[in-house]
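Structure file input.txt; described as compact mmCIF, N, CA and C atoms.
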# COMPACT_ATOMS: atom_id res chain seq x y z
N MET X 1 -11.69 16.21 -12.67
CA MET X 1 -11.34 14.84 -12.98
C MET X 1 -9.89 14.74 -13.47
N THR X 2 -9.47 15.67 -14.27
CA THR X 2 -8.11 15.64 -14.79
C THR X 2 -7.08 15.71 -13.68
N ASN X 3 -7.32 16.55 -12.66
CA ASN X 3 -6.40 16.67 -11.55
C ASN X 3 -6.24 15.34 -10.83
N LYS X 4 -7.34 14.61 -10.66
CA LYS X 4 -7.32 13.30 -10.01
C LYS X 4 -6.48 12.32 -10.85
N ILE X 5 -6.68 12.30 -12.13
CA ILE X 5 -5.93 11.42 -13.02
C ILE X 5 -4.44 11.77 -12.98
N THR X 6 -4.12 13.05 -12.97
CA THR X 6 -2.74 13.50 -12.90
C THR X 6 -2.08 13.02 -11.61
N LYS X 7 -2.80 13.07 -10.51
CA LYS X 7 -2.25 12.63 -9.23
C LYS X 7 -2.01 11.13 -9.22
N PHE X 8 -2.92 10.35 -9.81
CA PHE X 8 -2.71 8.90 -9.89
C PHE X 8 -1.48 8.60 -10.74
N TYR X 9 -1.32 9.35 -11.83
CA TYR X 9 -0.15 9.18 -12.69
C TYR X 9 1.13 9.49 -11.91
N LYS X 10 1.14 10.61 -11.18
CA LYS X 10 2.32 10.99 -10.42
C LYS X 10 2.62 9.99 -9.31
N LEU X 11 1.59 9.47 -8.66
CA LEU X 11 1.78 8.43 -7.65
C LEU X 11 2.46 7.22 -8.28
N GLY X 12 1.97 6.80 -9.41
CA GLY X 12 2.56 5.66 -10.12
C GLY X 12 3.99 5.91 -10.53
N ARG X 13 4.27 7.12 -10.99
CA ARG X 13 5.65 7.45 -11.39
C ARG X 13 6.58 7.41 -10.18
N ASN X 14 6.09 7.85 -9.03
CA ASN X 14 6.91 7.78 -7.82
C ASN X 14 7.17 6.34 -7.40
N ILE X 15 6.17 5.49 -7.51
CA ILE X 15 6.38 4.07 -7.21
C ILE X 15 7.46 3.51 -8.12
N ALA X 16 7.37 3.82 -9.41
CA ALA X 16 8.38 3.34 -10.36
C ALA X 16 9.76 3.90 -10.03
N LYS X 17 9.82 5.17 -9.67
CA LYS X 17 11.10 5.81 -9.33
C LYS X 17 11.76 5.10 -8.16
N TYR X 18 11.02 4.88 -7.09
CA TYR X 18 11.60 4.23 -5.92
C TYR X 18 11.92 2.76 -6.20
N ARG X 19 11.10 2.11 -7.01
CA ARG X 19 11.38 0.71 -7.39
C ARG X 19 12.72 0.63 -8.11
N LYS X 20 12.92 1.54 -9.06
CA LYS X 20 14.17 1.54 -9.82
C LYS X 20 15.36 1.90 -8.95
N GLN X 21 15.17 2.84 -8.02
CA GLN X 21 16.25 3.21 -7.09
C GLN X 21 16.70 2.02 -6.26
N LYS X 22 15.76 1.11 -5.96
CA LYS X 22 16.08 -0.08 -5.17
C LYS X 22 16.62 -1.20 -6.06
N GLY X 23 16.70 -0.95 -7.36
CA GLY X 23 17.22 -1.96 -8.28
C GLY X 23 16.27 -3.13 -8.52
N LEU X 24 14.97 -2.87 -8.40
CA LEU X 24 13.98 -3.92 -8.57
C LEU X 24 13.29 -3.81 -9.92
N SER X 25 13.09 -4.93 -10.56
CA SER X 25 12.29 -4.96 -11.78
C SER X 25 10.82 -4.96 -11.39
N GLN X 26 9.96 -4.69 -12.36
CA GLN X 26 8.53 -4.77 -12.08
C GLN X 26 8.17 -6.19 -11.66
N ASN X 27 8.76 -7.18 -12.32
CA ASN X 27 8.47 -8.57 -11.98
C ASN X 27 8.83 -8.87 -10.53
N LYS X 28 10.01 -8.44 -10.08
CA LYS X 28 10.46 -8.73 -8.73
C LYS X 28 9.59 -8.04 -7.69
N LEU X 29 9.30 -6.74 -7.88
CA LEU X 29 8.47 -6.04 -6.92
C LEU X 29 7.06 -6.64 -6.89
N ALA X 30 6.52 -6.95 -8.04
CA ALA X 30 5.18 -7.56 -8.09
C ALA X 30 5.17 -8.88 -7.32
N GLU X 31 6.21 -9.65 -7.49
CA GLU X 31 6.32 -10.92 -6.76
C GLU X 31 6.36 -10.66 -5.25
N MET X 32 7.14 -9.67 -4.83
CA MET X 32 7.24 -9.33 -3.41
C MET X 32 5.90 -8.85 -2.85
N LEU X 33 5.10 -8.20 -3.70
CA LEU X 33 3.80 -7.67 -3.28
C LEU X 33 2.67 -8.67 -3.45
N ASP X 34 2.97 -9.81 -4.09
CA ASP X 34 1.98 -10.84 -4.37
C ASP X 34 0.87 -10.33 -5.29
N ILE X 35 1.29 -9.59 -6.32
CA ILE X 35 0.38 -9.13 -7.36
C ILE X 35 1.02 -9.46 -8.71
N THR X 36 0.27 -9.29 -9.79
CA THR X 36 0.85 -9.56 -11.10
C THR X 36 1.70 -8.38 -11.56
N ARG X 37 2.61 -8.65 -12.47
CA ARG X 37 3.43 -7.59 -13.04
C ARG X 37 2.55 -6.62 -13.81
N GLU X 38 1.52 -7.14 -14.44
CA GLU X 38 0.60 -6.30 -15.20
C GLU X 38 -0.12 -5.31 -14.28
N HIS X 39 -0.54 -5.78 -13.12
CA HIS X 39 -1.23 -4.89 -12.17
C HIS X 39 -0.27 -3.80 -11.70
N LEU X 40 0.95 -4.18 -11.36
CA LEU X 40 1.93 -3.17 -10.94
C LEU X 40 2.21 -2.19 -12.07
N GLY X 41 2.34 -2.69 -13.28
CA GLY X 41 2.56 -1.81 -14.43
C GLY X 41 1.43 -0.81 -14.60
N ASN X 42 0.19 -1.26 -14.42
CA ASN X 42 -0.96 -0.37 -14.52
C ASN X 42 -0.96 0.67 -13.41
N ILE X 43 -0.54 0.28 -12.22
CA ILE X 43 -0.43 1.24 -11.12
C ILE X 43 0.63 2.28 -11.46
N GLU X 44 1.75 1.83 -12.00
CA GLU X 44 2.85 2.75 -12.30
C GLU X 44 2.52 3.74 -13.41
N ILE X 45 1.62 3.39 -14.31
CA ILE X 45 1.23 4.34 -15.36
C ILE X 45 -0.06 5.09 -15.01
N GLY X 46 -0.63 4.78 -13.85
CA GLY X 46 -1.77 5.54 -13.36
C GLY X 46 -3.13 5.10 -13.86
N THR X 47 -3.20 3.93 -14.53
CA THR X 47 -4.51 3.47 -15.00
C THR X 47 -5.24 2.64 -13.96
N LYS X 48 -4.52 2.20 -12.95
CA LYS X 48 -5.12 1.51 -11.79
C LYS X 48 -4.57 2.17 -10.53
N THR X 49 -5.35 2.11 -9.47
CA THR X 49 -4.89 2.66 -8.20
C THR X 49 -4.80 1.53 -7.18
N PRO X 50 -3.77 1.57 -6.34
CA PRO X 50 -3.65 0.51 -5.34
C PRO X 50 -4.67 0.71 -4.22
N THR X 51 -5.08 -0.39 -3.62
CA THR X 51 -5.90 -0.30 -2.42
C THR X 51 -5.02 0.31 -1.32
N MET X 52 -5.64 0.74 -0.24
CA MET X 52 -4.87 1.29 0.86
C MET X 52 -3.90 0.25 1.41
N ALA X 53 -4.36 -0.99 1.53
CA ALA X 53 -3.50 -2.06 2.05
C ALA X 53 -2.30 -2.27 1.13
N LEU X 54 -2.53 -2.27 -0.17
CA LEU X 54 -1.44 -2.45 -1.12
C LEU X 54 -0.52 -1.24 -1.12
N PHE X 55 -1.09 -0.05 -1.02
CA PHE X 55 -0.29 1.17 -0.95
C PHE X 55 0.70 1.11 0.22
N ILE X 56 0.20 0.70 1.39
CA ILE X 56 1.06 0.58 2.57
C ILE X 56 2.12 -0.49 2.35
N LYS X 57 1.72 -1.60 1.75
CA LYS X 57 2.66 -2.70 1.49
C LYS X 57 3.76 -2.26 0.51
N ILE X 58 3.39 -1.46 -0.48
CA ILE X 58 4.39 -0.95 -1.44
C ILE X 58 5.42 -0.12 -0.70
N ALA X 59 4.96 0.81 0.13
CA ALA X 59 5.89 1.67 0.87
C ALA X 59 6.78 0.83 1.79
N GLU X 60 6.19 -0.12 2.49
CA GLU X 60 6.99 -0.97 3.39
C GLU X 60 8.01 -1.79 2.62
N THR X 61 7.61 -2.35 1.50
CA THR X 61 8.49 -3.18 0.69
C THR X 61 9.64 -2.36 0.11
N LEU X 62 9.35 -1.13 -0.27
CA LEU X 62 10.39 -0.25 -0.81
C LEU X 62 11.18 0.44 0.30
N ASN X 63 10.75 0.22 1.54
CA ASN X 63 11.42 0.79 2.72
C ASN X 63 11.44 2.32 2.67
N ILE X 64 10.27 2.87 2.37
CA ILE X 64 10.11 4.32 2.33
C ILE X 64 8.85 4.69 3.12
N LYS X 65 8.70 5.96 3.41
CA LYS X 65 7.50 6.45 4.08
C LYS X 65 6.39 6.61 3.05
N GLU X 66 5.18 6.32 3.48
CA GLU X 66 4.04 6.47 2.58
C GLU X 66 3.97 7.87 1.98
N LYS X 67 4.26 8.88 2.80
CA LYS X 67 4.17 10.27 2.32
C LYS X 67 5.15 10.55 1.18
N ASP X 68 6.25 9.79 1.12
CA ASP X 68 7.21 9.99 0.03
C ASP X 68 6.59 9.70 -1.33
N LEU X 69 5.64 8.80 -1.36
CA LEU X 69 4.98 8.47 -2.63
C LEU X 69 4.09 9.60 -3.11
N PHE X 70 3.73 10.51 -2.20
CA PHE X 70 2.90 11.66 -2.58
C PHE X 70 3.71 12.94 -2.73
N ASP X 71 5.02 12.83 -2.74
CA ASP X 71 5.87 13.99 -2.94
C ASP X 71 5.99 14.24 -4.44
N PHE X 72 5.00 14.98 -4.95
CA PHE X 72 4.94 15.23 -6.38
C PHE X 72 5.76 16.47 -6.72
N GLU X 73 6.81 16.25 -7.50
CA GLU X 73 7.64 17.37 -7.96
C GLU X 73 6.98 17.98 -9.17
N ASP X 74 6.69 19.24 -9.09
CA ASP X 74 6.03 19.93 -10.23
C ASP X 74 7.02 20.76 -10.98
Let me see whether you can do it: turn the structure in this file into structure tokens.
Amino acid sequence: MTNKITKFYKLGRNIAKYRKQKGLSQNKLAEMLDITREHLGNIEIGTKTPTMALFIKIAETLNIKEKDLFDFED
């Protein structure tokens, strides 16, 4: 279970990293994704996981490949 939680956390950190690289606030990205800032914040800290549709939309909106979000640097 811990490994799963760690991966969700790392996924969220990658979303935050790419969001910041694009110069987007949580509010702006959430607006672009049509979700609340709170939901995006929870995804970024790993307490919520995006649906597959939202995951794809995040990658498309950030103009990155989906696999980049799973590039966990250890």
Point-to-point distance from atom CA of Tyr9 of chain X to atom N of Ile45 of chain X, Å rounded to tenths: 6.3 Å
X:Gly46, X:Ile35, X:Leu69, X:Leu24 ranked by distance to Thr6 of chain X, top pick (using only C-alpha atoms): X:Gly46
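Closest approach to Gln26 of chain X among X:Leu40, X:Lys7, X:Thr51, X:Arg13: X:Leu40, based on only C-alpha atoms.
Proximity ranking of X:Tyr18, X:Asp71, X:Phe8, X:Leu33 relative to Thr47 of chain X places X:Phe8 first, based on all atoms listed in the file.
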Nearest to Lys48 of chain X, chosen from X:Glu31, X:Lys20, X:Glu73, X:Gly12, with all atoms listed in the file counted in the distances: X:Gly12
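As for atom N of Ala16 of chain X and atom C of Glu44 of chain X, they are spaced 6.3 Å apart.
Considering the residues X:Ile58, X:Ile43, X:Ile64, X:Ala53 and counting only C-alpha atoms, Leu11 of chain X has its shortest atom-to-atom contact with X:Ile43.
Here atom N of Asn27 of chain X is placed at a distance of 9.4 Å from atom N of His39 of chain X.
Among X:Lys4, X:Lys67, X:Leu62, X:Met52, the residue with the shortest atom-to-atom distance to Gly23 of chain X, counting only C-alpha atoms, is X:Leu62.
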Helix (DSSP H, G or I) call set, DSSP backbone run, chain X, as a VMD selection string: chain X and resid 2 to 21 26 to 33 37 to 45 52 to 62 66 to 70
Write out, as a compact mmCIF listing (two decimals), in the coordinates of the input, the residues just selected, with N, CA and C atoms.
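And here's part.txt as it stands now:
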# COMPACT_ATOMS: atom_id res chain seq x y z
N THR X 2 -9.47 15.67 -14.27
CA THR X 2 -8.11 15.64 -14.79
C THR X 2 -7.08 15.71 -13.68
N ASN X 3 -7.32 16.55 -12.66
CA ASN X 3 -6.40 16.67 -11.55
C ASN X 3 -6.24 15.34 -10.83
N LYS X 4 -7.34 14.61 -10.66
CA LYS X 4 -7.32 13.30 -10.01
C LYS X 4 -6.48 12.32 -10.85
N ILE X 5 -6.68 12.30 -12.13
CA ILE X 5 -5.93 11.42 -13.02
C ILE X 5 -4.44 11.77 -12.98
N THR X 6 -4.12 13.05 -12.97
CA THR X 6 -2.74 13.50 -12.90
C THR X 6 -2.08 13.02 -11.61
N LYS X 7 -2.80 13.07 -10.51
CA LYS X 7 -2.25 12.63 -9.23
C LYS X 7 -2.01 11.13 -9.22
N PHE X 8 -2.92 10.35 -9.81
CA PHE X 8 -2.71 8.90 -9.89
C PHE X 8 -1.48 8.60 -10.74
N TYR X 9 -1.32 9.35 -11.83
CA TYR X 9 -0.15 9.18 -12.69
C TYR X 9 1.13 9.49 -11.91
N LYS X 10 1.14 10.61 -11.18
CA LYS X 10 2.32 10.99 -10.42
C LYS X 10 2.62 9.99 -9.31
N LEU X 11 1.59 9.47 -8.66
CA LEU X 11 1.78 8.43 -7.65
C LEU X 11 2.46 7.22 -8.28
N GLY X 12 1.97 6.80 -9.41
CA GLY X 12 2.56 5.66 -10.12
C GLY X 12 3.99 5.91 -10.53
N ARG X 13 4.27 7.12 -10.99
CA ARG X 13 5.65 7.45 -11.39
C ARG X 13 6.58 7.41 -10.18
N ASN X 14 6.09 7.85 -9.03
CA ASN X 14 6.91 7.78 -7.82
C ASN X 14 7.17 6.34 -7.40
N ILE X 15 6.17 5.49 -7.51
CA ILE X 15 6.38 4.07 -7.21
C ILE X 15 7.46 3.51 -8.12
N ALA X 16 7.37 3.82 -9.41
CA ALA X 16 8.38 3.34 -10.36
C ALA X 16 9.76 3.90 -10.03
N LYS X 17 9.82 5.17 -9.67
CA LYS X 17 11.10 5.81 -9.33
C LYS X 17 11.76 5.10 -8.16
N TYR X 18 11.02 4.88 -7.09
CA TYR X 18 11.60 4.23 -5.92
C TYR X 18 11.92 2.76 -6.20
N ARG X 19 11.10 2.11 -7.01
CA ARG X 19 11.38 0.71 -7.39
C ARG X 19 12.72 0.63 -8.11
N LYS X 20 12.92 1.54 -9.06
CA LYS X 20 14.17 1.54 -9.82
C LYS X 20 15.36 1.90 -8.95
N GLN X 21 15.17 2.84 -8.02
CA GLN X 21 16.25 3.21 -7.09
C GLN X 21 16.70 2.02 -6.26
N GLN X 26 9.96 -4.69 -12.36
CA GLN X 26 8.53 -4.77 -12.08
C GLN X 26 8.17 -6.19 -11.66
N ASN X 27 8.76 -7.18 -12.32
CA ASN X 27 8.47 -8.57 -11.98
C ASN X 27 8.83 -8.87 -10.53
N LYS X 28 10.01 -8.44 -10.08
CA LYS X 28 10.46 -8.73 -8.73
C LYS X 28 9.59 -8.04 -7.69
N LEU X 29 9.30 -6.74 -7.88
CA LEU X 29 8.47 -6.04 -6.92
C LEU X 29 7.06 -6.64 -6.89
N ALA X 30 6.52 -6.95 -8.04
CA ALA X 30 5.18 -7.56 -8.09
C ALA X 30 5.17 -8.88 -7.32
N GLU X 31 6.21 -9.65 -7.49
CA GLU X 31 6.32 -10.92 -6.76
C GLU X 31 6.36 -10.66 -5.25
N MET X 32 7.14 -9.67 -4.83
CA MET X 32 7.24 -9.33 -3.41
C MET X 32 5.90 -8.85 -2.85
N LEU X 33 5.10 -8.20 -3.70
CA LEU X 33 3.80 -7.67 -3.28
C LEU X 33 2.67 -8.67 -3.45
N ARG X 37 2.61 -8.65 -12.47
CA ARG X 37 3.43 -7.59 -13.04
C ARG X 37 2.55 -6.62 -13.81
N GLU X 38 1.52 -7.14 -14.44
CA GLU X 38 0.60 -6.30 -15.20
C GLU X 38 -0.12 -5.31 -14.28
N HIS X 39 -0.54 -5.78 -13.12
CA HIS X 39 -1.23 -4.89 -12.17
C HIS X 39 -0.27 -3.80 -11.70
N LEU X 40 0.95 -4.18 -11.36
CA LEU X 40 1.93 -3.17 -10.94
C LEU X 40 2.21 -2.19 -12.07
N GLY X 41 2.34 -2.69 -13.28
CA GLY X 41 2.56 -1.81 -14.43
C GLY X 41 1.43 -0.81 -14.60
N ASN X 42 0.19 -1.26 -14.42
CA ASN X 42 -0.96 -0.37 -14.52
C ASN X 42 -0.96 0.67 -13.41
N ILE X 43 -0.54 0.28 -12.22
CA ILE X 43 -0.43 1.24 -11.12
C ILE X 43 0.63 2.28 -11.46
N GLU X 44 1.75 1.83 -12.00
CA GLU X 44 2.85 2.75 -12.30
C GLU X 44 2.52 3.74 -13.41
N ILE X 45 1.62 3.39 -14.31
CA ILE X 45 1.23 4.34 -15.36
C ILE X 45 -0.06 5.09 -15.01
N MET X 52 -5.64 0.74 -0.24
CA MET X 52 -4.87 1.29 0.86
C MET X 52 -3.90 0.25 1.41
N ALA X 53 -4.36 -0.99 1.53
CA ALA X 53 -3.50 -2.06 2.05
C ALA X 53 -2.30 -2.27 1.13
N LEU X 54 -2.53 -2.27 -0.17
CA LEU X 54 -1.44 -2.45 -1.12
C LEU X 54 -0.52 -1.24 -1.12
N PHE X 55 -1.09 -0.05 -1.02
CA PHE X 55 -0.29 1.17 -0.95
C PHE X 55 0.70 1.11 0.22
N ILE X 56 0.20 0.70 1.39
CA ILE X 56 1.06 0.58 2.57
C ILE X 56 2.12 -0.49 2.35
N LYS X 57 1.72 -1.60 1.75
CA LYS X 57 2.66 -2.70 1.49
C LYS X 57 3.76 -2.26 0.51
N ILE X 58 3.39 -1.46 -0.48
CA ILE X 58 4.39 -0.95 -1.44
C ILE X 58 5.42 -0.12 -0.70
N ALA X 59 4.96 0.81 0.13
CA ALA X 59 5.89 1.67 0.87
C ALA X 59 6.78 0.83 1.79
N GLU X 60 6.19 -0.12 2.49
CA GLU X 60 6.99 -0.97 3.39
C GLU X 60 8.01 -1.79 2.62
N THR X 61 7.61 -2.35 1.50
CA THR X 61 8.49 -3.18 0.69
C THR X 61 9.64 -2.36 0.11
N LEU X 62 9.35 -1.13 -0.27
CA LEU X 62 10.39 -0.25 -0.81
C LEU X 62 11.18 0.44 0.30
N GLU X 66 5.18 6.32 3.48
CA GLU X 66 4.04 6.47 2.58
C GLU X 66 3.97 7.87 1.98
N LYS X 67 4.26 8.88 2.80
CA LYS X 67 4.17 10.27 2.32
C LYS X 67 5.15 10.55 1.18
N ASP X 68 6.25 9.79 1.12
CA ASP X 68 7.21 9.99 0.03
C ASP X 68 6.59 9.70 -1.33
N LEU X 69 5.64 8.80 -1.36
CA LEU X 69 4.98 8.47 -2.63
C LEU X 69 4.09 9.60 -3.11
N PHE X 70 3.73 10.51 -2.20
CA PHE X 70 2.90 11.66 -2.58
C PHE X 70 3.71 12.94 -2.73
